[in-house]
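To be precise, the following lines are start_3.txt, and they hold compact mmCIF, N, CA and C atoms.
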# COMPACT_ATOMS: atom_id res chain seq x y z
N MET A 20 -11.84 -29.07 -63.35
CA MET A 20 -11.67 -27.65 -63.13
C MET A 20 -12.92 -27.04 -62.50
N LEU A 21 -14.10 -27.39 -63.03
CA LEU A 21 -15.34 -26.87 -62.46
C LEU A 21 -15.52 -27.32 -61.02
N LEU A 22 -15.12 -28.55 -60.74
CA LEU A 22 -15.24 -29.06 -59.37
C LEU A 22 -14.37 -28.23 -58.43
N GLY A 23 -13.17 -27.86 -58.87
CA GLY A 23 -12.28 -27.04 -58.06
C GLY A 23 -12.87 -25.67 -57.80
N LEU A 24 -13.48 -25.05 -58.81
CA LEU A 24 -14.12 -23.74 -58.63
C LEU A 24 -15.30 -23.84 -57.69
N ALA A 25 -16.08 -24.90 -57.82
CA ALA A 25 -17.23 -25.10 -56.93
C ALA A 25 -16.75 -25.28 -55.50
N SER A 26 -15.65 -25.99 -55.31
CA SER A 26 -15.10 -26.20 -53.98
C SER A 26 -14.64 -24.88 -53.37
N LEU A 27 -13.94 -24.04 -54.16
CA LEU A 27 -13.51 -22.74 -53.66
C LEU A 27 -14.69 -21.85 -53.31
N SER A 28 -15.72 -21.90 -54.14
CA SER A 28 -16.93 -21.11 -53.89
C SER A 28 -17.59 -21.55 -52.59
N ALA A 29 -17.68 -22.85 -52.37
CA ALA A 29 -18.29 -23.38 -51.14
C ALA A 29 -17.48 -22.96 -49.92
N GLN A 30 -16.14 -23.00 -50.04
CA GLN A 30 -15.29 -22.59 -48.91
C GLN A 30 -15.51 -21.12 -48.58
N ALA A 31 -15.63 -20.28 -49.61
CA ALA A 31 -15.85 -18.85 -49.38
C ALA A 31 -17.18 -18.62 -48.68
N GLN A 32 -18.21 -19.37 -49.06
CA GLN A 32 -19.52 -19.20 -48.44
C GLN A 32 -19.50 -19.68 -46.99
N GLU A 33 -18.69 -20.69 -46.69
CA GLU A 33 -18.64 -21.24 -45.34
C GLU A 33 -17.80 -20.39 -44.40
N CYS A 34 -16.95 -19.55 -44.93
CA CYS A 34 -16.08 -18.73 -44.11
C CYS A 34 -16.92 -17.70 -43.35
N THR A 35 -16.74 -17.66 -42.05
CA THR A 35 -17.53 -16.76 -41.21
C THR A 35 -16.61 -15.99 -40.26
N PRO A 36 -16.71 -14.68 -40.23
CA PRO A 36 -15.99 -13.91 -39.22
C PRO A 36 -16.43 -14.33 -37.81
N ARG A 37 -15.59 -14.00 -36.81
CA ARG A 37 -15.86 -14.41 -35.43
C ARG A 37 -15.72 -13.23 -34.47
N ILE A 38 -16.48 -13.32 -33.38
CA ILE A 38 -16.32 -12.41 -32.25
C ILE A 38 -15.45 -13.15 -31.24
N GLU A 39 -14.33 -12.55 -30.85
CA GLU A 39 -13.40 -13.20 -29.92
C GLU A 39 -13.20 -12.34 -28.67
N SER A 40 -13.04 -13.00 -27.54
CA SER A 40 -12.67 -12.36 -26.27
C SER A 40 -13.58 -11.20 -25.91
N GLY A 41 -14.89 -11.39 -26.04
CA GLY A 41 -15.84 -10.34 -25.73
C GLY A 41 -15.99 -10.10 -24.23
N TRP A 42 -16.03 -8.83 -23.84
CA TRP A 42 -16.26 -8.49 -22.44
C TRP A 42 -16.96 -7.14 -22.34
N ILE A 43 -17.62 -6.95 -21.21
CA ILE A 43 -18.37 -5.73 -20.92
C ILE A 43 -17.86 -5.18 -19.59
N ARG A 44 -17.59 -3.89 -19.55
CA ARG A 44 -17.19 -3.25 -18.30
C ARG A 44 -18.43 -3.01 -17.46
N GLN A 45 -18.48 -3.60 -16.26
CA GLN A 45 -19.61 -3.38 -15.36
C GLN A 45 -19.61 -1.92 -14.92
N PRO A 46 -20.74 -1.24 -15.08
CA PRO A 46 -20.79 0.18 -14.71
C PRO A 46 -21.09 0.37 -13.23
N PRO A 47 -20.93 1.61 -12.75
CA PRO A 47 -21.40 1.92 -11.40
C PRO A 47 -22.91 1.67 -11.33
N MET A 48 -23.42 1.51 -10.15
CA MET A 48 -24.85 1.21 -9.95
C MET A 48 -25.73 2.19 -10.71
N ALA A 49 -26.80 1.68 -11.27
CA ALA A 49 -27.88 2.45 -11.90
C ALA A 49 -27.45 3.25 -13.14
N MET A 50 -26.34 2.89 -13.74
CA MET A 50 -25.95 3.55 -15.00
C MET A 50 -26.76 2.95 -16.14
N PRO A 51 -27.36 3.78 -16.99
CA PRO A 51 -28.17 3.26 -18.09
C PRO A 51 -27.36 2.84 -19.31
N MET A 52 -26.03 3.03 -19.26
CA MET A 52 -25.18 2.66 -20.40
C MET A 52 -23.92 1.96 -19.92
N MET A 53 -23.41 1.10 -20.78
CA MET A 53 -22.12 0.47 -20.54
C MET A 53 -21.48 0.18 -21.89
N ALA A 54 -20.22 -0.25 -21.87
CA ALA A 54 -19.49 -0.47 -23.11
C ALA A 54 -19.06 -1.92 -23.24
N GLY A 55 -19.10 -2.42 -24.47
CA GLY A 55 -18.66 -3.78 -24.78
C GLY A 55 -17.45 -3.74 -25.69
N PHE A 56 -16.55 -4.71 -25.47
CA PHE A 56 -15.29 -4.76 -26.20
C PHE A 56 -15.04 -6.18 -26.69
N ALA A 57 -14.28 -6.33 -27.76
CA ALA A 57 -13.96 -7.64 -28.32
C ALA A 57 -12.99 -7.45 -29.47
N GLU A 58 -12.57 -8.56 -30.05
CA GLU A 58 -11.88 -8.55 -31.33
C GLU A 58 -12.80 -9.19 -32.34
N ILE A 59 -12.90 -8.58 -33.51
CA ILE A 59 -13.66 -9.16 -34.60
C ILE A 59 -12.64 -9.69 -35.59
N ALA A 60 -12.60 -11.01 -35.75
CA ALA A 60 -11.64 -11.66 -36.64
C ALA A 60 -12.34 -12.06 -37.93
N ASN A 61 -11.70 -11.74 -39.04
CA ASN A 61 -12.23 -12.11 -40.35
C ASN A 61 -11.18 -12.95 -41.08
N PRO A 62 -11.28 -14.29 -40.98
CA PRO A 62 -10.31 -15.16 -41.65
C PRO A 62 -10.61 -15.33 -43.15
N CYS A 63 -11.64 -14.69 -43.63
CA CYS A 63 -12.14 -14.90 -44.99
C CYS A 63 -11.32 -14.13 -46.02
N GLU A 64 -11.50 -14.50 -47.29
CA GLU A 64 -10.81 -13.88 -48.41
C GLU A 64 -11.38 -12.50 -48.76
N ALA A 65 -12.59 -12.21 -48.31
CA ALA A 65 -13.24 -10.95 -48.65
C ALA A 65 -13.46 -10.11 -47.38
N PRO A 66 -13.37 -8.78 -47.50
CA PRO A 66 -13.68 -7.93 -46.35
C PRO A 66 -15.17 -7.99 -46.03
N VAL A 67 -15.51 -7.64 -44.80
CA VAL A 67 -16.90 -7.56 -44.38
C VAL A 67 -17.10 -6.24 -43.66
N SER A 68 -18.35 -5.85 -43.48
CA SER A 68 -18.67 -4.65 -42.71
C SER A 68 -19.76 -4.97 -41.71
N ILE A 69 -19.58 -4.50 -40.48
CA ILE A 69 -20.59 -4.63 -39.45
C ILE A 69 -21.47 -3.39 -39.55
N VAL A 70 -22.78 -3.60 -39.68
CA VAL A 70 -23.70 -2.47 -39.89
C VAL A 70 -24.72 -2.29 -38.77
N ALA A 71 -24.82 -3.27 -37.87
CA ALA A 71 -25.79 -3.16 -36.77
C ALA A 71 -25.39 -4.12 -35.66
N ALA A 72 -25.95 -3.89 -34.48
CA ALA A 72 -25.70 -4.75 -33.33
C ALA A 72 -26.95 -4.79 -32.48
N GLY A 73 -27.10 -5.87 -31.72
CA GLY A 73 -28.25 -5.99 -30.84
C GLY A 73 -28.02 -7.04 -29.77
N SER A 74 -28.87 -7.01 -28.76
CA SER A 74 -28.81 -7.98 -27.66
C SER A 74 -30.15 -8.00 -26.95
N PRO A 75 -30.63 -9.18 -26.58
CA PRO A 75 -31.87 -9.23 -25.80
C PRO A 75 -31.71 -8.62 -24.41
N ALA A 76 -30.47 -8.40 -23.98
CA ALA A 76 -30.22 -7.86 -22.64
C ALA A 76 -30.30 -6.34 -22.58
N PHE A 77 -30.35 -5.68 -23.76
CA PHE A 77 -30.34 -4.21 -23.81
C PHE A 77 -31.41 -3.70 -24.76
N ALA A 78 -31.95 -2.52 -24.45
CA ALA A 78 -32.94 -1.90 -25.33
C ALA A 78 -32.30 -1.48 -26.65
N SER A 79 -31.01 -1.11 -26.60
CA SER A 79 -30.33 -0.65 -27.81
C SER A 79 -28.84 -0.96 -27.72
N VAL A 80 -28.26 -1.34 -28.85
CA VAL A 80 -26.81 -1.56 -28.96
C VAL A 80 -26.35 -0.86 -30.23
N GLU A 81 -25.31 -0.02 -30.10
CA GLU A 81 -24.78 0.72 -31.25
C GLU A 81 -23.27 0.60 -31.30
N LEU A 82 -22.72 0.74 -32.50
CA LEU A 82 -21.28 0.84 -32.68
C LEU A 82 -20.89 2.30 -32.45
N HIS A 83 -19.87 2.52 -31.61
CA HIS A 83 -19.41 3.88 -31.32
C HIS A 83 -17.89 3.93 -31.41
N GLU A 84 -17.39 5.14 -31.54
CA GLU A 84 -15.95 5.38 -31.52
C GLU A 84 -15.67 6.58 -30.63
N THR A 85 -14.66 6.44 -29.78
CA THR A 85 -14.20 7.55 -28.95
C THR A 85 -12.95 8.13 -29.60
N ARG A 86 -12.92 9.45 -29.72
CA ARG A 86 -11.77 10.15 -30.30
C ARG A 86 -11.44 11.35 -29.44
N GLN A 87 -10.17 11.71 -29.45
CA GLN A 87 -9.71 12.93 -28.78
C GLN A 87 -9.81 14.09 -29.77
N VAL A 88 -10.58 15.12 -29.44
CA VAL A 88 -10.72 16.31 -30.27
C VAL A 88 -10.40 17.52 -29.40
N ASP A 89 -9.32 18.20 -29.73
CA ASP A 89 -8.87 19.36 -28.95
C ASP A 89 -8.72 19.02 -27.47
N GLY A 90 -8.16 17.84 -27.20
CA GLY A 90 -7.92 17.42 -25.83
C GLY A 90 -9.14 16.92 -25.08
N VAL A 91 -10.28 16.83 -25.78
CA VAL A 91 -11.52 16.38 -25.14
C VAL A 91 -11.94 15.06 -25.79
N SER A 92 -12.30 14.11 -24.96
CA SER A 92 -12.76 12.81 -25.45
C SER A 92 -14.19 12.94 -25.96
N ARG A 93 -14.41 12.58 -27.21
CA ARG A 93 -15.74 12.67 -27.82
C ARG A 93 -16.12 11.32 -28.40
N MET A 94 -17.41 11.02 -28.27
CA MET A 94 -17.92 9.75 -28.78
C MET A 94 -18.85 10.03 -29.96
N ARG A 95 -18.76 9.15 -30.98
CA ARG A 95 -19.67 9.30 -32.12
C ARG A 95 -20.16 7.94 -32.55
N HIS A 96 -21.36 7.93 -33.10
CA HIS A 96 -21.97 6.71 -33.64
C HIS A 96 -21.26 6.34 -34.93
N VAL A 97 -21.01 5.06 -35.15
CA VAL A 97 -20.37 4.56 -36.37
C VAL A 97 -21.41 3.78 -37.16
N GLU A 98 -21.69 4.21 -38.38
CA GLU A 98 -22.71 3.57 -39.22
C GLU A 98 -22.27 2.20 -39.70
N SER A 99 -21.00 2.06 -40.06
CA SER A 99 -20.49 0.82 -40.64
C SER A 99 -19.05 0.64 -40.20
N LEU A 100 -18.71 -0.58 -39.80
CA LEU A 100 -17.36 -0.88 -39.33
C LEU A 100 -16.73 -1.93 -40.25
N PRO A 101 -15.80 -1.52 -41.14
CA PRO A 101 -15.17 -2.49 -42.03
C PRO A 101 -14.18 -3.38 -41.28
N VAL A 102 -14.17 -4.67 -41.65
CA VAL A 102 -13.21 -5.63 -41.12
C VAL A 102 -12.48 -6.20 -42.34
N PRO A 103 -11.17 -5.98 -42.44
CA PRO A 103 -10.46 -6.39 -43.65
C PRO A 103 -10.39 -7.91 -43.81
N ALA A 104 -10.22 -8.34 -45.05
CA ALA A 104 -10.01 -9.76 -45.34
C ALA A 104 -8.77 -10.23 -44.59
N ARG A 105 -8.87 -11.41 -43.98
CA ARG A 105 -7.77 -12.00 -43.22
C ARG A 105 -7.21 -11.03 -42.17
N GLY A 106 -8.11 -10.25 -41.57
CA GLY A 106 -7.67 -9.27 -40.59
C GLY A 106 -8.55 -9.25 -39.36
N LYS A 107 -8.25 -8.32 -38.47
CA LYS A 107 -9.01 -8.16 -37.22
C LYS A 107 -9.25 -6.68 -36.97
N VAL A 108 -10.31 -6.42 -36.23
CA VAL A 108 -10.59 -5.08 -35.74
C VAL A 108 -10.81 -5.20 -34.24
N ALA A 109 -10.15 -4.34 -33.48
CA ALA A 109 -10.28 -4.36 -32.02
C ALA A 109 -11.32 -3.35 -31.57
N LEU A 110 -12.25 -3.82 -30.76
CA LEU A 110 -13.16 -2.95 -30.02
C LEU A 110 -12.54 -2.85 -28.63
N ALA A 111 -12.00 -1.68 -28.30
CA ALA A 111 -11.20 -1.55 -27.08
C ALA A 111 -11.48 -0.21 -26.39
N PRO A 112 -11.24 -0.14 -25.08
CA PRO A 112 -11.42 1.12 -24.36
C PRO A 112 -10.64 2.25 -25.03
N GLY A 113 -11.29 3.41 -25.15
CA GLY A 113 -10.65 4.56 -25.75
C GLY A 113 -10.72 4.61 -27.27
N GLY A 114 -11.43 3.66 -27.88
CA GLY A 114 -11.53 3.61 -29.34
C GLY A 114 -12.89 3.11 -29.77
N LEU A 115 -12.90 2.19 -30.72
CA LEU A 115 -14.15 1.57 -31.16
C LEU A 115 -14.72 0.71 -30.04
N HIS A 116 -16.03 0.71 -29.89
CA HIS A 116 -16.67 -0.11 -28.86
C HIS A 116 -18.16 -0.26 -29.17
N LEU A 117 -18.80 -1.16 -28.44
CA LEU A 117 -20.25 -1.30 -28.50
C LEU A 117 -20.84 -0.48 -27.36
N MET A 118 -21.77 0.42 -27.67
CA MET A 118 -22.46 1.18 -26.64
C MET A 118 -23.74 0.41 -26.33
N LEU A 119 -23.83 -0.09 -25.10
CA LEU A 119 -24.94 -0.93 -24.64
C LEU A 119 -25.85 -0.06 -23.78
N MET A 120 -27.06 0.20 -24.27
CA MET A 120 -27.92 1.18 -23.62
C MET A 120 -29.18 0.56 -23.03
N ARG A 121 -29.52 1.04 -21.86
CA ARG A 121 -30.73 0.67 -21.14
C ARG A 121 -30.87 -0.85 -20.97
N PRO A 122 -30.11 -1.43 -20.02
CA PRO A 122 -30.23 -2.87 -19.78
C PRO A 122 -31.65 -3.23 -19.35
N ASN A 123 -32.10 -4.39 -19.79
CA ASN A 123 -33.45 -4.86 -19.46
C ASN A 123 -33.55 -5.44 -18.05
N ALA A 124 -32.41 -5.72 -17.44
CA ALA A 124 -32.35 -6.24 -16.07
C ALA A 124 -30.99 -5.83 -15.49
N GLU A 125 -30.82 -6.05 -14.20
CA GLU A 125 -29.55 -5.72 -13.57
C GLU A 125 -28.44 -6.58 -14.17
N ILE A 126 -27.32 -5.96 -14.47
CA ILE A 126 -26.16 -6.64 -15.05
C ILE A 126 -25.11 -6.76 -13.95
N GLU A 127 -24.62 -7.99 -13.72
CA GLU A 127 -23.66 -8.22 -12.64
C GLU A 127 -22.39 -8.86 -13.18
N ALA A 128 -21.28 -8.62 -12.48
CA ALA A 128 -20.00 -9.22 -12.85
C ALA A 128 -20.14 -10.74 -12.91
N GLY A 129 -19.52 -11.33 -13.90
CA GLY A 129 -19.56 -12.78 -14.08
C GLY A 129 -20.63 -13.25 -15.06
N GLN A 130 -21.63 -12.41 -15.30
CA GLN A 130 -22.67 -12.79 -16.27
C GLN A 130 -22.07 -12.88 -17.66
N ARG A 131 -22.71 -13.69 -18.50
CA ARG A 131 -22.36 -13.77 -19.92
C ARG A 131 -23.55 -13.25 -20.69
N ILE A 132 -23.31 -12.23 -21.49
CA ILE A 132 -24.37 -11.55 -22.24
C ILE A 132 -24.22 -11.88 -23.73
N ALA A 133 -25.30 -12.31 -24.36
CA ALA A 133 -25.29 -12.59 -25.80
C ALA A 133 -25.45 -11.28 -26.57
N ILE A 134 -24.56 -11.07 -27.53
CA ILE A 134 -24.62 -9.90 -28.41
C ILE A 134 -24.48 -10.40 -29.84
N GLU A 135 -25.24 -9.79 -30.73
CA GLU A 135 -25.24 -10.18 -32.13
C GLU A 135 -24.81 -8.99 -32.99
N LEU A 136 -23.92 -9.24 -33.92
CA LEU A 136 -23.48 -8.22 -34.87
C LEU A 136 -24.00 -8.60 -36.25
N GLU A 137 -24.55 -7.63 -36.96
CA GLU A 137 -25.09 -7.90 -38.30
C GLU A 137 -24.11 -7.37 -39.35
N LEU A 138 -23.83 -8.23 -40.34
CA LEU A 138 -22.95 -7.85 -41.44
C LEU A 138 -23.76 -7.24 -42.57
N SER A 139 -23.09 -6.50 -43.44
CA SER A 139 -23.78 -5.83 -44.55
C SER A 139 -24.45 -6.82 -45.50
N ASP A 140 -23.99 -8.08 -45.53
CA ASP A 140 -24.62 -9.08 -46.39
C ASP A 140 -25.78 -9.80 -45.70
N GLY A 141 -26.14 -9.35 -44.49
CA GLY A 141 -27.28 -9.92 -43.78
C GLY A 141 -26.93 -11.02 -42.80
N ARG A 142 -25.71 -11.56 -42.87
CA ARG A 142 -25.32 -12.60 -41.91
C ARG A 142 -25.19 -11.98 -40.52
N LYS A 143 -25.35 -12.83 -39.52
CA LYS A 143 -25.26 -12.38 -38.13
C LYS A 143 -24.16 -13.17 -37.41
N LEU A 144 -23.37 -12.45 -36.63
CA LEU A 144 -22.34 -13.06 -35.79
C LEU A 144 -22.83 -13.00 -34.36
N ARG A 145 -22.75 -14.12 -33.67
CA ARG A 145 -23.18 -14.15 -32.27
C ARG A 145 -21.98 -14.38 -31.37
N GLY A 146 -21.95 -13.65 -30.26
CA GLY A 146 -20.87 -13.82 -29.31
C GLY A 146 -21.37 -13.67 -27.89
N GLU A 147 -20.59 -14.24 -26.97
CA GLU A 147 -20.88 -14.09 -25.54
C GLU A 147 -19.86 -13.13 -24.96
N PHE A 148 -20.35 -12.17 -24.21
CA PHE A 148 -19.51 -11.15 -23.61
C PHE A 148 -19.59 -11.30 -22.09
N GLU A 149 -18.43 -11.47 -21.45
CA GLU A 149 -18.38 -11.62 -20.00
C GLU A 149 -18.37 -10.25 -19.34
N VAL A 150 -19.22 -10.07 -18.34
CA VAL A 150 -19.27 -8.81 -17.58
C VAL A 150 -18.15 -8.85 -16.54
N ARG A 151 -17.31 -7.80 -16.56
CA ARG A 151 -16.16 -7.73 -15.65
C ARG A 151 -16.24 -6.47 -14.80
N ARG A 152 -15.86 -6.61 -13.54
CA ARG A 152 -15.78 -5.44 -12.65
C ARG A 152 -14.61 -4.57 -13.09
N PRO A 153 -14.72 -3.26 -12.94
CA PRO A 153 -13.63 -2.36 -13.36
C PRO A 153 -12.30 -2.68 -12.67
N ASP A 154 -12.34 -3.13 -11.42
CA ASP A 154 -11.08 -3.43 -10.72
C ASP A 154 -10.48 -4.76 -11.14
N ALA A 155 -11.19 -5.53 -11.98
CA ALA A 155 -10.68 -6.82 -12.45
C ALA A 155 -10.09 -6.71 -13.86
N LEU A 156 -10.04 -5.50 -14.39
CA LEU A 156 -9.58 -5.33 -15.78
C LEU A 156 -8.08 -5.29 -15.87
As a first step, turn the structure in this file into structure tokens.
Amino acid sequence: MLLGLASLSAQAQECTPRIESGWIRQPPMAMPMMAGFAEIANPCEAPVSIVAAGSPAFASVELHETRQVDGVSRMRHVESLPVPARGKVALAPGGLHLMLMRPNAEIEAGQRIAIELELSDGRKLRGEFEVRRPDAL
């Protein structure tokens, strides 16, 4: 019985959420900001929360949400993004997304950019985000 509990405990510790299908919309020339999108999959038995994001390619990366308020699109910073157990959260245009600010170098279509998401328990998820031209979306 103890062996079975130890095995379940080890499986829970090994379970790691994933960043899937990450992409970045290439902005018009000289824009200091762009947006990143992906699906965050949590196959684990317990929910997780994303509390921070970063990338060596940008001076700052934040979680943001776009909402319609009185017919006007407004963006706000999101402190924590819960991902349910055995569920997914979509970072998609017009909703939740990564706000990528002040690129450290020119960003071009076809590049793959490393982005890291930090969970509330201190673990980090790493993903590659492909830069796509707006007309290729």
Need the shell around Arg37 (chain A): protein/DNA/RNA residues with any atom at most 7 Å away, counting all atoms listed in the file. Skip same-chain ones fewer than 3 positions apart. Format as a short mmCIF file (atom, residue, chain, number, x, y, z; two decimals) with N, CA and C atoms, in the frame of the given file?
data_model
loop_
_atom_site.label_atom_id
_atom_site.label_comp_id
_atom_site.auth_asym_id
_atom_site.auth_seq_id
_atom_site.Cartn_x
_atom_site.Cartn_y
_atom_site.Cartn_z
N GLU A 58 -12.57 -8.56 -30.05
CA GLU A 58 -11.88 -8.55 -31.33
C GLU A 58 -12.80 -9.19 -32.34
N ILE A 59 -12.90 -8.58 -33.51
CA ILE A 59 -13.66 -9.16 -34.60
C ILE A 59 -12.64 -9.69 -35.59
N ALA A 60 -12.60 -11.01 -35.75
CA ALA A 60 -11.64 -11.66 -36.64
C ALA A 60 -12.34 -12.06 -37.93
N ASN A 61 -11.70 -11.74 -39.04
CA ASN A 61 -12.23 -12.11 -40.35
C ASN A 61 -11.18 -12.95 -41.08
N PRO A 62 -11.28 -14.29 -40.98
CA PRO A 62 -10.31 -15.16 -41.65
C PRO A 62 -10.61 -15.33 -43.15
N LEU A 144 -23.37 -12.45 -36.63
CA LEU A 144 -22.34 -13.06 -35.79
C LEU A 144 -22.83 -13.00 -34.36
#
| chain A: which residues are alpha helix (DSSP H) by DSSP, as a ChimeraX atom specification? | /A:21-33
| request: Would you kindly return, as a list in words, each protein, DNA or RNA residue with an atom no farther than 6.5 Å from any atom of Val97 (chain A), considering all atoms listed in the file and excluding same-chain residues fewer than 3 positions away? | output: Glu81, Leu82, His83, Glu84 and Leu100 of chain A
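When atom C of Met53 (chain A) is paired with CA of Glu39 (chain A), their separation reads 17.6 Å.
Checking A:Ala49, A:His116, A:Val108, A:Glu64 one by one against Cys34 (chain A), counting all atoms listed in the file, you find the shortest gap at A:Glu64.
The residue that comes closest to Glu98 (chain A), out of A:Ala57, A:Ala155, A:Met118, A:Val70 and on the basis of only N, CA and C atoms, is A:Val70.
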| request: Within 7 Å of Ala128 (chain A), counting only N, CA and C atoms, which residues show up once you throw out same-chain ones fewer than 3 positions away? Write them as a PyMOL selection string, please. | output: chain A and resi 45+131+149-152
Please produce a file of the residues just selected, as a compact mmCIF listing (two decimals), keeping the file's coordinate frame, where the atoms kept are N, CA and C atoms.
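Once written, out_24.txt looks like this:
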# COMPACT_ATOMS: atom_id res chain seq x y z
N GLN A 45 -18.48 -3.60 -16.26
CA GLN A 45 -19.61 -3.38 -15.36
C GLN A 45 -19.61 -1.92 -14.92
N ARG A 131 -22.71 -13.69 -18.50
CA ARG A 131 -22.36 -13.77 -19.92
C ARG A 131 -23.55 -13.25 -20.69
N GLU A 149 -18.43 -11.47 -21.45
CA GLU A 149 -18.38 -11.62 -20.00
C GLU A 149 -18.37 -10.25 -19.34
N VAL A 150 -19.22 -10.07 -18.34
CA VAL A 150 -19.27 -8.81 -17.58
C VAL A 150 -18.15 -8.85 -16.54
N ARG A 151 -17.31 -7.80 -16.56
CA ARG A 151 -16.16 -7.73 -15.65
C ARG A 151 -16.24 -6.47 -14.80
N ARG A 152 -15.86 -6.61 -13.54
CA ARG A 152 -15.78 -5.44 -12.65
C ARG A 152 -14.61 -4.57 -13.09
| request: Going by DSSP on the backbone, which bits of region 77-119 of chain A are strand (DSSP E)? Write them as number ranges by chain, please. | output: A: 77-88, 91-96, 100-102, 106-110, 115-119
